[in-house]
file upload-v5.csv (CSV, C-alpha atoms (C1' of nucleotides))
chain,number,residue,atom,x,y,z
Z,24,MET,CA,0.2,-5.3,-3.2
Z,25,PRO,CA,-2.7,-3.0,-3.3
Z,26,GLU,CA,-1.2,0.4,-3.9
Z,27,LEU,CA,-2.9,3.5,-5.2
Z,28,PRO,CA,-3.9,2.1,-8.7
Z,29,GLU,CA,-5.3,-1.1,-7.3
Z,30,VAL,CA,-7.2,0.7,-4.5
Z,31,GLU,CA,-8.5,3.2,-7.1
Z,32,THR,CA,-9.7,0.3,-9.3
Z,33,ILE,CA,-11.5,-1.3,-6.3
Z,34,VAL,CA,-13.1,2.1,-5.4
Z,35,ARG,CA,-14.4,2.6,-8.9
Z,36,GLY,CA,-15.9,-0.9,-9.0
Z,37,LEU,CA,-17.7,-0.4,-5.7
Z,38,ARG,CA,-18.9,3.1,-6.7
Z,39,ARG,CA,-20.4,1.7,-9.9
Z,40,LYS,CA,-22.6,-0.7,-7.9
Z,41,MET,CA,-23.1,0.3,-4.4
Z,42,ILE,CA,-24.2,4.0,-4.2
Z,43,GLY,CA,-27.4,4.1,-2.1
Z,44,TRP,CA,-27.0,0.6,-0.7
Z,45,LYS,CA,-28.1,0.4,2.9
Z,46,PHE,CA,-26.1,-1.7,5.4
Z,47,SER,CA,-28.2,-4.2,7.2
Z,48,ARG,CA,-26.6,-7.1,9.1
Z,49,SER,CA,-22.8,-7.6,9.3
Z,50,GLU,CA,-21.1,-10.8,10.3
Z,51,ILE,CA,-17.6,-10.2,11.7
Z,52,LEU,CA,-15.9,-13.6,11.7
Z,53,THR,CA,-12.5,-12.3,12.8
Z,54,ALA,CA,-12.7,-9.5,15.4
Z,55,LYS,CA,-9.1,-8.5,14.9
Z,56,CYS,CA,-9.9,-7.0,11.5
Z,57,LEU,CA,-11.8,-4.3,13.3
Z,58,ARG,CA,-10.5,-1.3,15.1
Z,59,GLY,CA,-12.8,-1.0,18.1
Z,60,SER,CA,-15.5,-3.2,19.5
Z,61,ARG,CA,-17.6,-5.5,17.3
Z,62,ASN,CA,-20.9,-4.6,18.9
Z,63,GLU,CA,-20.4,-0.9,18.6
Z,64,PHE,CA,-19.2,-1.3,15.0
Z,65,CYS,CA,-22.2,-3.4,13.9
Z,66,GLU,CA,-24.7,-1.3,15.7
Z,67,SER,CA,-23.4,2.0,14.3
Z,68,LEU,CA,-23.1,0.6,10.7
Z,69,SER,CA,-26.5,-0.9,10.5
Z,70,GLY,CA,-29.1,1.3,8.8
Z,71,ARG,CA,-26.6,3.7,7.2
Z,72,SER,CA,-26.6,4.1,3.4
Z,73,VAL,CA,-23.6,4.6,1.1
Z,74,VAL,CA,-23.6,8.2,-0.1
Z,75,GLU,CA,-20.3,8.1,-2.0
Z,76,PHE,CA,-16.9,6.5,-2.3
Z,77,SER,CA,-13.5,8.0,-2.2
Z,78,ARG,CA,-9.9,6.9,-2.0
Z,79,ARG,CA,-7.2,8.5,0.2
Z,80,GLY,CA,-3.8,7.0,-0.3
Z,81,LYS,CA,-4.3,3.2,0.0
Z,82,ASN,CA,-7.5,3.6,2.1
Z,83,ILE,CA,-11.0,2.9,0.7
Z,84,VAL,CA,-13.6,5.3,2.2
Z,85,PHE,CA,-17.3,4.5,2.1
Z,86,HIS,CA,-19.0,7.8,3.0
Z,87,LEU,CA,-22.2,7.0,4.9
Z,88,SER,CA,-25.4,8.7,5.8
Z,89,GLY,CA,-25.4,10.4,9.2
Z,90,GLY,CA,-21.9,11.9,8.9
Z,91,ALA,CA,-19.8,8.7,9.2
Z,92,ALA,CA,-17.3,6.8,7.1
Z,93,LEU,CA,-16.4,3.2,6.8
Z,94,VAL,CA,-12.7,2.9,6.1
Z,95,VAL,CA,-10.9,-0.1,4.8
Z,96,HIS,CA,-7.1,-0.6,4.5
Z,97,LEU,CA,-6.3,-3.8,2.7
Z,98,ARG,CA,-2.6,-3.8,3.8
Z,99,MET,CA,-1.0,-6.7,1.9
Z,100,THR,CA,-3.5,-9.4,1.1
Z,101,GLY,CA,-6.9,-7.9,1.9
Z,102,GLN,CA,-9.7,-8.0,-0.7
Z,103,LEU,CA,-13.2,-6.6,-1.0
Z,104,HIS,CA,-15.6,-8.7,-3.1
Z,105,LEU,CA,-19.1,-8.2,-4.2
Z,106,VAL,CA,-20.5,-11.7,-4.4
Z,107,PRO,CA,-23.8,-13.4,-5.2
Z,108,PRO,CA,-25.8,-14.6,-2.2
Z,109,ARG,CA,-24.8,-18.2,-2.2
Z,110,ALA,CA,-21.2,-17.9,-3.1
Z,111,ALA,CA,-19.2,-20.4,-1.1
Z,112,PRO,CA,-17.6,-18.8,2.0
Z,113,GLY,CA,-13.9,-18.5,1.4
Z,114,GLU,CA,-11.4,-19.9,3.8
Z,115,HIS,CA,-10.0,-16.4,4.5
Z,116,THR,CA,-13.3,-14.5,4.8
Z,117,GLN,CA,-13.1,-12.1,7.8
Z,118,ALA,CA,-16.3,-10.2,7.5
Z,119,ILE,CA,-19.6,-10.3,5.5
Z,120,PHE,CA,-21.8,-7.3,4.9
Z,121,LEU,CA,-25.5,-7.6,3.9
Z,122,PHE,CA,-27.6,-4.8,2.5
Z,123,ALA,CA,-31.3,-4.0,2.7
Z,124,GLY,CA,-33.2,-5.3,-0.3
Z,125,LYS,CA,-30.0,-6.6,-2.1
Z,126,ARG,CA,-29.1,-10.1,-2.7
Z,127,GLU,CA,-25.4,-9.5,-3.2
Z,128,GLN,CA,-23.0,-9.4,-0.3
Z,129,LEU,CA,-19.8,-7.5,0.3
Z,130,ARG,CA,-17.1,-9.7,1.7
Z,131,PHE,CA,-13.7,-8.8,3.2
Z,132,ASN,CA,-11.2,-11.6,2.6
Z,133,ASP,CA,-7.6,-11.4,3.9
Z,134,THR,CA,-5.2,-14.4,4.1
Z,135,ARG,CA,-2.7,-12.6,6.3
Z,136,LYS,CA,-5.2,-10.7,8.5
Z,137,PHE,CA,-3.3,-7.5,8.4
Z,138,GLY,CA,-6.1,-5.5,6.8
Z,139,ARG,CA,-8.2,-3.2,9.0
Z,140,ILE,CA,-11.8,-1.9,8.9
Z,141,TRP,CA,-13.2,0.9,11.0
Z,142,LEU,CA,-16.0,3.3,11.3
Z,143,GLU,CA,-15.6,6.9,12.4
Z,144,GLU,CA,-17.4,10.3,12.3
Z,145,THR,CA,-16.5,12.6,9.5
Z,146,GLY,CA,-15.9,16.3,9.5
Z,147,ALA,CA,-18.2,18.9,7.9
Z,148,ALA,CA,-16.7,18.4,4.5
Z,149,GLY,CA,-16.6,14.7,4.8
Z,150,GLU,CA,-13.0,14.5,6.0
Z,151,VAL,CA,-11.9,11.4,7.8
Z,152,PRO,CA,-9.9,12.4,10.9
Z,153,SER,CA,-7.8,9.2,11.1
Z,154,LEU,CA,-6.5,9.9,7.6
Z,155,SER,CA,-5.5,13.5,8.2
Z,156,ARG,CA,-1.8,12.8,8.6
Z,157,LEU,CA,-1.4,11.3,5.1
Z,158,GLY,CA,0.7,13.3,2.7
Z,159,PRO,CA,-0.7,14.7,-0.6
Z,160,GLU,CA,-2.1,12.6,-3.4
Z,161,PRO,CA,0.5,12.1,-6.1
Z,162,LEU,CA,-2.1,12.6,-8.9
Z,163,GLU,CA,-3.2,15.9,-7.4
Z,164,ILE,CA,0.0,17.6,-6.2
Z,165,SER,CA,1.8,19.9,-8.7
Z,166,CYS,CA,5.3,19.0,-9.7
Z,167,ARG,CA,6.4,22.3,-8.3
Z,168,GLU,CA,5.1,21.5,-4.9
Z,169,PHE,CA,6.3,17.9,-5.2
Z,170,ALA,CA,9.8,19.1,-5.9
Z,171,ARG,CA,9.7,21.6,-3.0
Z,172,ARG,CA,8.6,18.8,-0.6
Z,173,VAL,CA,11.3,16.4,-1.7
Z,174,GLN,CA,14.1,18.9,-1.5
Z,175,ALA,CA,13.0,19.9,2.0
Z,176,LYS,CA,13.9,16.4,3.3
Z,177,ARG,CA,17.3,14.8,3.5
Z,178,ARG,CA,16.4,11.2,3.0
Z,179,ARG,CA,17.0,8.4,0.5
Z,180,ILE,CA,14.5,8.9,-2.2
Z,181,LYS,CA,12.9,5.5,-2.3
Z,182,PRO,CA,12.0,5.2,1.4
Z,183,LEU,CA,10.8,8.8,1.1
Z,184,LEU,CA,8.4,7.9,-1.7
Z,185,LEU,CA,7.1,5.0,0.4
Z,186,ASP,CA,6.5,7.3,3.4
Z,187,GLN,CA,2.7,7.7,3.5
Z,188,ASP,CA,2.9,10.8,5.6
Z,189,PHE,CA,5.1,12.3,2.9
Z,190,LEU,CA,3.1,11.1,-0.1
Z,191,ALA,CA,0.0,9.0,0.0
Z,192,GLY,CA,-0.5,5.8,-2.0
Z,193,VAL,CA,2.9,4.8,-3.4
Z,194,GLY,CA,4.1,1.3,-2.5
Z,195,ASN,CA,7.0,-0.8,-3.5
Z,196,ILE,CA,6.0,-1.5,-7.1
Z,197,TYR,CA,5.3,2.0,-8.2
Z,198,ALA,CA,8.2,3.5,-6.3
Z,199,ASP,CA,10.7,1.2,-8.2
Z,200,GLU,CA,9.0,1.7,-11.6
Z,201,SER,CA,8.9,5.5,-11.2
Z,202,LEU,CA,12.6,5.8,-10.1
Z,203,HIS,CA,13.6,3.6,-13.1
Z,204,ARG,CA,11.7,5.7,-15.6
Z,205,ALA,CA,13.1,8.9,-14.1
Z,206,ARG,CA,16.6,7.3,-14.1
Z,207,ILE,CA,17.2,8.0,-10.4
Z,208,HIS,CA,19.1,5.6,-8.1
Z,209,PRO,CA,16.8,4.5,-5.1
Z,210,ARG,CA,19.5,5.5,-2.5
Z,211,ARG,CA,20.0,9.1,-3.8
Z,212,ASN,CA,19.6,11.8,-1.2
Z,213,SER,CA,16.3,13.6,-1.8
Z,214,ALA,CA,17.9,17.0,-1.0
Z,215,GLU,CA,20.6,16.5,-3.7
Z,216,LEU,CA,18.3,15.8,-6.7
Z,217,SER,CA,18.4,18.4,-9.5
Z,218,ARG,CA,15.4,20.3,-10.7
Z,219,ALA,CA,15.4,18.2,-13.8
Z,220,GLU,CA,15.5,14.9,-11.9
Z,221,LEU,CA,12.7,16.1,-9.6
Z,222,LEU,CA,10.6,17.0,-12.6
Z,223,ARG,CA,11.3,13.7,-14.3
Z,224,LEU,CA,10.4,11.8,-11.1
Z,225,CYS,CA,7.1,13.7,-10.6
Z,226,ARG,CA,6.1,13.1,-14.3
Z,227,ALA,CA,7.1,9.5,-14.2
Z,228,LEU,CA,5.1,8.9,-11.1
Z,229,LYS,CA,2.0,10.5,-12.4
Z,230,ARG,CA,2.3,8.8,-15.8
Z,231,ILE,CA,2.9,5.4,-14.3
Z,232,LEU,CA,0.1,5.6,-11.7
Z,233,LYS,CA,-2.4,6.7,-14.4
Z,234,ALA,CA,-1.3,4.0,-16.8
Z,235,ALA,CA,-1.7,1.4,-14.0
Z,236,ILE,CA,-5.2,2.7,-13.1
Z,237,ARG,CA,-6.1,2.4,-16.8
Z,238,ALA,CA,-4.8,-1.2,-16.8
Z,239,GLY,CA,-6.9,-2.0,-13.7
Z,240,GLY,CA,-3.9,-2.3,-11.4
Z,241,THR,CA,-1.0,-4.8,-11.1
Z,242,SER,CA,-1.6,-8.4,-10.1
Z,243,VAL,CA,1.7,-9.9,-9.1
Z,244,ARG,CA,0.4,-12.1,-6.3
Z,245,SER,CA,-3.1,-12.0,-5.0
Z,246,TYR,CA,-4.5,-8.8,-6.1
Z,247,VAL,CA,-8.0,-8.9,-7.7
Z,248,ASP,CA,-10.6,-6.1,-7.8
Z,249,SER,CA,-14.1,-6.1,-6.3
Z,250,ALA,CA,-15.4,-8.3,-9.1
Z,251,GLY,CA,-12.6,-10.8,-8.7
Z,252,LEU,CA,-10.7,-9.6,-11.9
Z,253,ARG,CA,-7.0,-9.4,-12.2
Z,254,GLY,CA,-5.3,-6.2,-13.3
Z,255,GLY,CA,-3.1,-5.9,-16.4
Z,256,TYR,CA,-0.2,-3.6,-15.4
Z,257,GLN,CA,2.1,-6.5,-14.5
Z,258,ASN,CA,2.6,-6.8,-18.3
Z,259,PHE,CA,4.2,-3.3,-18.4
Z,260,LEU,CA,6.5,-3.5,-15.4
Z,261,ARG,CA,10.1,-2.6,-16.3
Z,262,VAL,CA,12.0,-3.4,-13.1
Z,263,TYR,CA,9.8,-4.8,-10.4
Z,264,GLN,CA,10.7,-8.5,-9.7
Z,265,ARG,CA,12.9,-8.6,-12.8
Z,266,ALA,CA,16.3,-9.0,-11.1
Z,267,GLY,CA,18.8,-10.6,-13.6
Z,268,GLU,CA,16.7,-9.8,-16.6
Z,269,PRO,CA,17.8,-7.2,-19.2
Z,270,CYS,CA,16.9,-3.5,-18.7
Z,271,ARG,CA,14.4,-2.5,-21.4
Z,272,ASN,CA,16.3,0.8,-21.8
Z,273,CYS,CA,19.9,-0.2,-22.0
Z,274,GLY,CA,20.0,-4.0,-22.0
Z,275,GLY,CA,22.1,-4.2,-18.8
Z,276,ALA,CA,21.2,-6.6,-16.0
Z,277,LEU,CA,18.7,-5.4,-13.5
Z,278,VAL,CA,19.5,-6.0,-9.8
Z,279,ARG,CA,17.7,-6.4,-6.5
Z,280,GLU,CA,19.1,-4.8,-3.4
Z,281,THR,CA,17.6,-3.9,0.0
Z,282,VAL,CA,16.9,-0.2,0.5
Z,283,GLY,CA,15.2,1.0,3.7
Z,284,GLY,CA,14.5,-2.6,4.6
Z,285,ARG,CA,12.5,-3.3,1.3
Z,286,SER,CA,13.5,-5.2,-1.7
Z,287,THR,CA,14.3,-2.8,-4.5
Z,288,PHE,CA,14.7,-3.4,-8.2
Z,289,PHE,CA,16.7,-1.1,-10.4
Z,290,CYS,CA,19.1,-0.7,-13.3
Z,291,PRO,CA,22.6,0.2,-12.1
Z,292,ARG,CA,23.4,1.6,-15.5
Z,293,CYS,CA,20.4,3.8,-16.1
Z,294,GLN,CA,20.1,4.7,-12.4
Z,295,PRO,CA,23.7,5.5,-11.3
Z,296,GLU,CA,24.4,6.2,-7.7
Z,297,SER,CA,26.5,9.2,-8.6
Z,298,PRO,CA,25.3,10.6,-11.8
Z,299,LYS,CA,27.6,12.8,-13.9
Z,300,THR,CA,26.3,16.4,-13.8
M,245,DC,C1',13.1,-27.1,7.4
M,246,DT,C1',14.6,-22.0,6.2
M,247,DG,C1',13.8,-17.7,4.7
M,248,DC,C1',11.4,-14.2,2.2
M,249,DA,C1',7.5,-11.2,0.9
M,250,DT,C1',4.1,-7.2,1.5
M,251,DG,C1',2.3,-2.3,4.5
M,252,DT,C1',2.3,-0.3,8.7
M,253,DT,C1',3.5,0.7,13.4
M,254,DA,C1',6.0,0.6,17.6
M,255,DG,C1',10.1,1.1,19.8
M,256,DG,C1',14.8,1.9,19.9
M,257,DT,C1',19.4,4.0,18.1
M,258,DT,C1',22.3,7.3,15.7
G,21,DC,C1',14.0,16.5,16.3
G,22,DA,C1',15.1,14.0,11.8
G,23,DA,C1',16.6,9.9,9.9
G,24,DC,C1',17.2,5.2,10.1
G,25,DC,C1',16.8,0.3,11.7
G,26,DT,C1',14.5,-3.9,13.3
G,27,DA,C1',10.8,-6.6,15.0
G,28,DA,C1',6.2,-7.8,14.9
G,29,DC,C1',2.0,-9.1,12.6
G,30,DA,C1',0.0,-14.2,9.6
G,31,DT,C1',0.5,-16.9,6.0
G,32,DG,C1',1.9,-18.9,1.6
G,33,DC,C1',5.4,-20.1,-1.2
G,34,DA,C1',10.0,-21.4,-3.1
call {"tool": "encode", "arguments": {"input": "upload-v5.csv", "output": "structure tokens"}}
result
Amino acid sequence: MPELPEVETIVRGLRRKMIGWKFSRSEILTAKCLRGSRNEFCESLSGRSVVEFSRRGKNIVFHLSGGAALVVHLRMTGQLHLVPPRAAPGEHTQAIFLFAGKREQLRFNDTRKFGRIWLEETGAAGEVPSLSRLGPEPLEISCREFARRVQAKRRRIKPLLLDQDFLAGVGNIYADESLHRARIHPRRNSAELSRAELLRLCRALKRILKAAIRAGGTSVRSYVDSAGLRGGYQNFLRVYQRAGEPCRNCGGALVRETVGGRSTFFCPRCQPESPKT
DNA sequence: CTGCATGTTAGGTT
DNA sequence: CAACCTAACATGCA
């Protein structure tokens, strides 16, 4: 659900409105959405201002005054919404944040309650310690470095792309879409991909992520941005959730199989398991 | 009713 | 150790 492009869209929406806002009171309706104690969290957050926003993988980072960061991971169904003061409280609202001198509230909604929010001290350059194990950002890494990293592993390529410690921000949708555009079977061994295939994959990934950001993300189920708007990239998907439908490249039937425990959509003709060399 | 879906982690096996 | 698998989490939906 929220993967890199969706999280980036949310971060941009928050950044446009909330720089300089000072946290006042917070209402934590579901304690389990927090890492750490509710009191400690609320006390430490109150009085801090938002200095800037960033995104790291699928994590939303509010950089705060006093060398701290508020980090939000939406997992599958989490949403951050900026709402007018009297908006009806949603059934799935887990936390409400109020700001000094502002009428709008920030709400964290999450039907499945897997999303997490936490506060931590940042390093001298604003680094967030708990996010240090994440792999590189796909839009920042060079294709040369990407290829080197992929070839250094001996894993099936799709689960490798989903591994956040290997590469940060790619989820099920964009992994499938990228592999299809690069014409690579999701079970291919990463160490056995050719230079040409690695280059195709890297370029496909970057191109698709950028296009999805431009479209405001993909809304297949519940995703909406901080203003409650749906994305548009679902209209450009070529394989995700299209099992049985014709491949837009070759006309053959797309299939769904499980790879690394995740449903995976691909074209058996365009993405052969054993490509001719 | 049954089973599936998503992201991540924990724990166990090969 | 690397790679891989499964269960767990909570809920809605087909």
call {"tool": "closest_residue", "arguments": {"input": "upload-v5.csv", "among": "Z:Ile231, Z:Ile83, Z:Leu52, Z:Ile196", "to": "chain M", "atoms": "all atoms listed in the file"}}
result
Z:Ile196
call {"tool": "residues_around", "arguments": {"input": "upload-v5.csv", "residues": "DA34 of chain G", "least_positions_apart": "4", "cutoff": "12 Å", "atoms": "only C-alpha atoms (C1' of nucleotides)", "output": "JSON, numbers by chain"}}
result
{"M": [246, 247, 248, 249]}
call {"tool": "atom_distance", "arguments": {"input": "upload-v5.csv", "atom1": "atom CA of Ser72 of chain Z", "atom2": "atom CA of Arg135 of chain Z"}}
result
29.3 Å
call {"tool": "closest_residue", "arguments": {"input": "upload-v5.csv", "among": "Z:Ser297, Z:Pro152, Z:Thr116, Z:Leu93", "to": "Lys136 of chain Z", "atoms": "all atoms listed in the file"}}
result
Z:Thr116
call {"tool": "closest_atom_pairs", "arguments": {"input": "upload-v5.csv", "of": "chain Z", "to": "chain M", "cutoff": "12 Å", "atoms": "all atoms listed in the file", "output": "Markdown table"}}
result
| residue | atom | partner | partner_atom | distance |
| --- | --- | --- | --- | --- |
| Z:Met24 | CA | M:DT250 | C1' | 6.4 |
| Z:Pro25 | CA | M:DG251 | C1' | 9.3 |
| Z:Glu26 | CA | M:DG251 | C1' | 9.5 |
| Z:Lys81 | CA | M:DG251 | C1' | 9.7 |
| Z:Asn82 | CA | M:DG251 | C1' | 11.7 |
| Z:His96 | CA | M:DG251 | C1' | 9.6 |
| Z:Leu97 | CA | M:DG251 | C1' | 8.9 |
| Z:Arg98 | CA | M:DG251 | C1' | 5.2 |
| Z:Met99 | CA | M:DT250 | C1' | 5.1 |
| Z:Thr100 | CA | M:DT250 | C1' | 7.9 |
| Z:Gly101 | CA | M:DT250 | C1' | 11.0 |
| Z:Arg135 | CA | M:DT250 | C1' | 9.9 |
| Z:Lys136 | CA | M:DG251 | C1' | 12.0 |
| Z:Phe137 | CA | M:DG251 | C1' | 8.6 |
| Z:Gly138 | CA | M:DG251 | C1' | 9.3 |
| Z:Arg139 | CA | M:DT252 | C1' | 10.9 |
| Z:Leu185 | CA | M:DG251 | C1' | 9.7 |
| Z:Asp186 | CA | M:DT252 | C1' | 10.2 |
| Z:Gln187 | CA | M:DT252 | C1' | 9.5 |
| Z:Asp188 | CA | M:DT252 | C1' | 11.5 |
| Z:Gly192 | CA | M:DG251 | C1' | 10.8 |
| Z:Val193 | CA | M:DG251 | C1' | 10.6 |
| Z:Gly194 | CA | M:DG251 | C1' | 8.1 |
| Z:Asn195 | CA | M:DT250 | C1' | 8.6 |
| Z:Ile196 | CA | M:DT250 | C1' | 10.5 |
| Z:Val243 | CA | M:DT250 | C1' | 11.2 |
| Z:Arg244 | CA | M:DT250 | C1' | 9.9 |
| Z:Ser245 | CA | M:DT250 | C1' | 10.8 |
| Z:Tyr246 | CA | M:DT250 | C1' | 11.6 |
| Z:Gln264 | CA | M:DA249 | C1' | 11.4 |
| Z:Gly284 | CA | M:DA249 | C1' | 11.7 |
| Z:Arg285 | CA | M:DT250 | C1' | 9.3 |
| Z:Ser286 | CA | M:DA249 | C1' | 8.9 |
call {"tool": "atom_distance", "arguments": {"input": "upload-v5.csv", "atom1": "atom CA of Glu31 of chain Z", "atom2": "atom CA of Gly43 of chain Z"}}
result
19.6 Å
call {"tool": "interface_residues", "arguments": {"input": "upload-v5.csv", "of": "chain G", "to": "chain Z", "cutoff": "10 Å", "atoms": "all atoms listed in the file", "output": "mmCIF file with C-alpha atoms (C1' of nucleotides), in the coordinates of the input"}}
result
data_model
loop_
_atom_site.group_PDB
_atom_site.id
_atom_site.type_symbol
_atom_site.label_atom_id
_atom_site.label_comp_id
_atom_site.auth_asym_id
_atom_site.auth_seq_id
_atom_site.Cartn_x
_atom_site.Cartn_y
_atom_site.Cartn_z
ATOM 1 C "C1'" DA G 22 15.100 14.000 11.800
ATOM 2 C "C1'" DA G 23 16.600 9.900 9.900
ATOM 3 C "C1'" DC G 24 17.200 5.200 10.100
ATOM 4 C "C1'" DC G 25 16.800 0.300 11.700
ATOM 5 C "C1'" DT G 26 14.500 -3.900 13.300
ATOM 6 C "C1'" DC G 29 2.000 -9.100 12.600
ATOM 7 C "C1'" DA G 30 0.000 -14.200 9.600
ATOM 8 C "C1'" DT G 31 0.500 -16.900 6.000
ATOM 9 C "C1'" DG G 32 1.900 -18.900 1.600
#
call {"tool": "closest_residue", "arguments": {"input": "upload-v5.csv", "among": "Z:Arg210, Z:Arg237, Z:Arg71, Z:Arg261", "to": "Leu277 of chain Z", "atoms": "all atoms listed in the file"}}
result
Z:Arg261
call {"tool": "residues_around", "arguments": {"input": "upload-v5.csv", "residues": "Gly240 of chain Z", "least_positions_apart": "4", "cutoff": "8 Å", "atoms": "all atoms listed in the file", "output": "number ranges by chain"}}
result
Z: 28-29, 32, 235-236, 253-257
